[in-house]
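Visitor: Contents of coords_3.cif (mmCIF, C-alpha atoms):
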```cif
data_model
loop_
_atom_site.label_atom_id
_atom_site.label_comp_id
_atom_site.auth_asym_id
_atom_site.auth_seq_id
_atom_site.Cartn_x
_atom_site.Cartn_y
_atom_site.Cartn_z
CA MET A 37 -25.31 -17.76 0.40
CA ARG A 38 -22.44 -18.18 2.88
CA GLY A 39 -20.50 -20.13 0.26
CA MET A 40 -20.78 -17.35 -2.31
CA LYS A 41 -19.82 -14.74 0.31
CA ASN A 42 -16.69 -16.72 1.16
CA GLN A 43 -15.85 -17.07 -2.53
CA THR A 44 -16.23 -13.33 -3.01
CA HIS A 45 -13.91 -12.59 -0.07
CA SER A 46 -11.34 -15.06 -1.43
CA LEU A 47 -11.44 -13.38 -4.83
CA ILE A 48 -11.02 -9.93 -3.29
CA ASP A 49 -8.07 -11.19 -1.23
CA GLU A 50 -6.47 -12.63 -4.37
CA ILE A 51 -6.80 -9.34 -6.24
CA TYR A 52 -5.33 -7.53 -3.22
CA ARG A 53 -2.43 -10.00 -3.21
CA ARG A 54 -1.76 -9.35 -6.89
CA ILE A 55 -1.76 -5.60 -6.29
CA ASP A 56 0.54 -5.91 -3.28
CA HIS A 57 3.03 -8.08 -5.19
CA GLY A 58 2.98 -6.04 -8.37
CA THR A 59 1.47 -8.68 -10.66
CA LEU A 60 -1.53 -6.41 -11.19
CA ASN A 61 -0.70 -2.80 -12.03
CA PRO A 62 -2.65 0.38 -12.85
CA GLY A 63 -4.50 0.06 -16.13
CA ASP A 64 -4.19 -3.74 -16.26
CA ALA A 65 -7.32 -5.62 -17.28
CA ILE A 66 -8.85 -8.00 -14.75
CA ASP A 67 -9.69 -11.19 -16.59
CA GLU A 68 -13.00 -12.56 -15.30
CA ASN A 69 -12.51 -15.81 -17.21
CA GLU A 70 -9.13 -16.37 -15.57
CA LEU A 71 -10.57 -15.82 -12.10
CA VAL A 72 -13.47 -18.19 -12.81
CA ALA A 73 -11.05 -20.88 -14.02
CA THR A 74 -8.45 -20.37 -11.27
CA PHE A 75 -10.95 -20.46 -8.41
CA GLY A 76 -13.46 -22.86 -9.95
CA VAL A 77 -16.35 -20.51 -9.24
CA SER A 78 -19.25 -19.11 -11.21
CA ARG A 79 -19.26 -15.57 -12.58
CA THR A 80 -21.56 -14.38 -9.78
CA PRO A 81 -18.94 -14.15 -6.97
CA VAL A 82 -16.39 -12.78 -9.46
CA ARG A 83 -18.71 -9.95 -10.44
CA GLU A 84 -19.64 -9.30 -6.80
CA ALA A 85 -15.95 -9.03 -5.93
CA LEU A 86 -15.41 -6.55 -8.76
CA LEU A 87 -18.42 -4.52 -7.67
CA GLN A 88 -17.03 -4.25 -4.13
CA LEU A 89 -13.60 -3.23 -5.40
CA GLU A 90 -15.20 -0.68 -7.70
CA ALA A 91 -17.10 0.75 -4.72
CA VAL A 92 -13.84 1.56 -2.90
CA GLY A 93 -12.24 2.99 -6.04
CA LEU A 94 -9.68 0.25 -6.72
CA ILE A 95 -11.02 -0.78 -10.11
CA ARG A 96 -12.97 0.82 -12.92
CA ARG A 97 -15.47 -0.94 -15.11
CA LEU A 98 -16.38 0.46 -18.51
CA PRO A 99 -19.12 -0.74 -20.87
CA ARG A 100 -17.82 -3.38 -23.28
CA LYS A 101 -14.28 -2.95 -21.89
CA GLY A 102 -14.54 -4.88 -18.64
CA ALA A 103 -12.71 -4.12 -15.42
CA THR A 104 -9.25 -2.57 -15.09
CA LEU A 105 -7.17 -1.65 -12.09
CA TYR A 106 -7.58 2.06 -11.35
CA ARG A 107 -5.01 4.29 -13.05
CA PRO A 108 -5.16 7.87 -11.74
CA THR A 109 -4.57 11.04 -13.70
CA LEU A 110 -1.96 13.41 -12.30
CA GLU A 111 -4.66 15.47 -10.62
CA GLU A 112 -6.24 12.36 -9.10
CA PHE A 113 -2.85 11.02 -8.06
CA LEU A 114 -1.96 14.18 -6.14
CA ALA A 115 -5.41 14.27 -4.51
CA ILE A 116 -5.14 10.64 -3.38
CA LEU A 117 -1.60 11.27 -2.17
CA GLU A 118 -2.75 14.22 -0.07
CA ILE A 119 -5.32 12.03 1.68
CA HIS A 120 -2.91 9.14 2.03
CA SER A 121 -0.17 11.20 3.63
CA ASN A 122 -2.70 12.46 6.18
CA LEU A 123 -3.91 8.92 6.94
CA GLU A 124 -0.38 7.57 7.32
CA GLY A 125 0.57 10.53 9.49
CA GLN A 126 -2.46 10.02 11.69
CA ALA A 127 -1.58 6.33 12.08
CA ALA A 128 1.98 7.17 13.11
CA GLY A 129 0.75 9.78 15.58
CA LEU A 130 -1.65 7.32 17.21
CA ALA A 131 1.04 4.63 17.24
CA ALA A 132 3.27 6.97 19.25
CA ARG A 133 0.53 7.36 21.83
CA ARG A 134 -0.57 3.71 21.94
CA LEU A 135 2.54 1.65 21.22
CA SER A 136 2.60 -1.59 23.23
CA ALA A 137 5.67 -3.66 24.10
CA THR A 138 4.68 -6.16 21.43
CA GLY A 139 4.13 -3.39 18.92
CA ALA A 140 7.53 -1.88 19.72
CA GLN A 141 9.21 -5.23 19.13
CA ALA A 142 7.42 -5.70 15.80
CA LEU A 143 8.32 -2.15 14.77
CA GLU A 144 12.00 -2.69 15.56
CA GLN A 145 12.05 -5.92 13.56
CA ALA A 146 10.41 -4.22 10.58
CA VAL A 147 12.93 -1.36 10.66
CA LEU A 148 15.90 -3.72 11.02
CA ALA A 149 14.74 -5.73 8.00
CA CYS A 150 14.66 -2.56 5.88
CA GLU A 151 18.07 -1.45 7.16
CA GLU A 152 19.63 -4.85 6.50
CA HIS A 153 18.33 -4.86 2.94
CA ALA A 154 19.66 -1.35 2.34
CA ALA A 155 23.05 -2.20 3.84
CA THR A 156 23.58 -5.51 2.05
CA ARG A 157 21.78 -5.04 -1.26
CA GLY A 158 21.72 -1.30 -1.82
CA ASP A 159 19.67 -0.48 -4.90
CA GLU A 160 19.29 -4.14 -5.85
CA ASP A 161 15.94 -5.94 -5.65
CA PRO A 162 13.60 -2.94 -5.30
CA ASP A 163 10.59 -5.25 -5.38
CA GLY A 164 11.98 -7.25 -2.46
CA TYR A 165 12.60 -4.06 -0.52
CA TYR A 166 9.09 -2.89 -1.25
CA GLN A 167 7.63 -5.91 0.51
CA LEU A 168 9.68 -4.95 3.57
CA ASN A 169 8.41 -1.39 3.19
CA LEU A 170 4.82 -2.68 3.20
CA ARG A 171 5.58 -4.59 6.40
CA PHE A 172 6.89 -1.43 8.08
CA HIS A 173 3.81 0.61 7.19
CA GLU A 174 1.49 -2.23 8.17
CA THR A 175 3.24 -2.48 11.56
CA VAL A 176 2.78 1.24 12.20
CA ALA A 177 -0.88 1.13 11.17
CA LEU A 178 -1.54 -1.84 13.46
CA ALA A 179 0.22 -0.09 16.33
CA ALA A 180 -2.25 2.79 15.98
CA GLY A 181 -4.86 0.50 17.51
CA ASN A 182 -7.71 1.63 15.26
CA PRO A 183 -8.94 -1.08 12.87
CA PHE A 184 -11.01 1.35 10.80
CA LEU A 185 -8.02 3.62 10.22
CA HIS A 186 -5.93 0.55 9.43
CA GLU A 187 -8.36 -0.50 6.69
CA MET A 188 -8.55 3.03 5.30
CA VAL A 189 -4.74 3.21 5.08
CA LYS A 190 -4.55 -0.15 3.29
CA THR A 191 -7.35 0.60 0.83
CA ASN A 192 -5.98 4.01 -0.08
CA ALA A 193 -2.41 2.73 -0.30
CA ARG A 194 -3.39 0.13 -2.88
CA LYS A 195 -4.29 2.91 -5.30
CA LEU A 196 -0.66 4.06 -5.09
CA LEU A 197 1.36 0.87 -4.49
CA ALA A 198 2.66 0.52 -8.03
CA TYR A 199 3.99 4.07 -7.93
CA TYR A 200 5.65 3.67 -4.53
CA ARG A 201 7.22 0.45 -5.81
CA ALA A 202 8.53 2.25 -8.90
CA ARG A 203 10.15 4.91 -6.73
CA TYR A 204 12.55 2.33 -5.31
CA ARG A 205 14.09 1.84 -8.76
CA TYR A 206 15.74 5.25 -8.39
CA ALA A 207 19.35 5.25 -7.15
CA GLY A 208 19.61 5.83 -3.41
CA ALA A 209 15.87 5.60 -2.77
CA ILE A 210 16.09 2.38 -0.75
CA THR A 211 18.82 3.69 1.55
CA ALA A 212 16.91 6.93 2.08
CA SER A 213 13.68 5.06 2.81
CA ALA A 214 15.32 2.79 5.40
CA ALA A 215 16.85 5.80 7.15
CA GLU A 216 13.46 7.53 7.24
CA HIS A 217 11.87 4.40 8.69
CA ARG A 218 14.42 4.45 11.51
CA ALA A 219 13.72 8.13 12.20
CA ILE A 220 9.94 7.62 12.21
CA ALA A 221 10.26 4.62 14.52
CA GLY A 222 12.42 6.71 16.84
CA ARG A 223 9.68 9.35 17.11
CA ILE A 224 7.05 6.66 17.75
CA VAL A 225 9.08 4.94 20.46
CA ALA A 226 9.81 8.34 22.03
CA ARG A 227 6.03 8.94 22.23
CA ASP A 228 6.40 12.05 20.10
CA SER A 229 2.98 11.94 18.46
CA GLU A 230 3.24 15.22 16.54
CA GLY A 231 6.78 14.51 15.38
CA ALA A 232 5.91 10.98 14.25
CA ALA A 233 2.84 12.18 12.36
CA ALA A 234 4.71 14.96 10.57
CA MET A 235 7.67 12.75 9.69
CA MET A 236 5.47 9.96 8.33
CA ALA A 237 3.39 12.39 6.25
CA ARG A 238 6.58 13.72 4.64
CA HIS A 239 7.89 10.19 4.11
CA VAL A 240 4.95 9.11 1.94
CA GLN A 241 4.56 12.39 0.05
CA PHE A 242 5.85 13.07 -3.50
CA ASP A 243 6.42 16.40 -5.16
CA GLN A 244 4.56 17.01 -8.43
CA VAL A 245 7.61 16.42 -10.63
CA THR A 246 8.27 13.02 -9.05
CA ALA A 247 4.59 12.14 -9.36
CA MET A 248 4.70 13.02 -13.09
CA ASP A 249 7.82 10.85 -13.55
CA LEU A 250 6.21 7.88 -11.84
CA LEU A 251 2.94 8.19 -13.75
CA ALA A 252 4.90 8.33 -17.02
CA ALA A 253 7.01 5.32 -16.03
CA LEU A 254 3.91 3.18 -15.52
CA ALA A 255 1.89 4.54 -18.43
#
```
Please re-express this file's structure in structure tokens.
Guide:
Amino acid sequence: MRGMKNQTHSLIDEIYRRIDHGTLNPGDAIDENELVATFGVSRTPVREALLQLEAVGLIRRLPRKGATLYRPTLEEFLAILEIHSNLEGQAAGLAARRLSATGAQALEQAVLACEEHAATRGDEDPDGYYQLNLRFHETVALAAGNPFLHEMVKTNARKLLAYYRARYRYAGAITASAAEHRAIAGRIVARDSEGAAAMMARHVQFDQVTAMDLLAALA
């Protein structure tokens, strides 16, 4: 039993990794046969992993069509985004209240990495910048000191990652993002909980027109 549980966790982690790195995008089919062959496991842990991911809304399984990564409608996208901006804002607000010396150092390093990319590469390598963006948001969520909130932020974010990644293909988006990261970090370090929360919520929000553009781009 322990062996199958470990296999299931490994499979879930692999699917998360593929989402985070953009090799698995909304609407993509999840190939059970490929997972069985890659991990050398039976179908049982594969199906258990898919059931767990379905339970948190990351995949959808349809009769005779198998599992696909969740692709939201516009209405669903905006609803998820509303929740996500609140979660991210709450994390930033708590981080401002609870930031440790170690957390402050990690936050500064994450911001500097984003700024260096923006300064040296501009609009080039949006996928590379997005990994730095993930690191920044992960650092803020960890600094909030609430593991349950941290997991909620990560799970909800994975429903939107492909769309956030696509946003960085727009001219000037990387430079703007890095500047916003610096401003958010400044509010956190200054212990301005309300300011950090409001700034972070705005940072992760899209207007409806942008959301429509991004959904169309990944259709």
Visitor: Identify which of the residues A:Ala212, A:Gln241, A:Ala132, A:Asp56 lies closest to Arg171 of chain A, counting all atoms listed in the file when measuring atom-to-atom distances.
Guide: A:Asp56
Visitor: Kindly give the distance, in Å, that separates atom CA of Cys150 of chain A and atom CA of Pro108 of chain A, rounded to a single decimal.
Guide: 28.5 Å
Visitor: Please measure the separation of atom CA of Pro81 of chain A and atom CA of Gly39 of chain A, giving the value in Å to one decimal.
Guide: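 The value is 9.5 Å.
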Visitor: A:Gly58, A:Gly76, A:Gly125, A:Gly181: which is nearest Arg238 of chain A, counting all atoms listed in the file?
Guide: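 Of the candidates, the smallest distance to Arg238 of chain A is held by A:Gly125.
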Visitor: Could you work out how far atom CA of Arg205 of chain A lies from atom CA of Pro162 of chain A, giving the answer in Å with one decimal?
Guide: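 So the answer is 5.9 Å.
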Visitor: Evaluated on this file, the PyMOL selection byres ((chain A and resi 45) around 12) picks out some residues - which ones are they, written as a list in words?
Guide: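 This file, filtered by the PyMOL selection byres ((chain A and resi 45) around 12), leaves Arg38, Gly39, Met40, Lys41, Asn42, Gln43, Thr44, Ser46, Leu47, Ile48, Asp49, Glu50, Ile51, Tyr52, Phe75, Pro81, Val82, Arg83, Glu84, Ala85, Leu86, Leu87, Gln88 and Leu89 of chain A.
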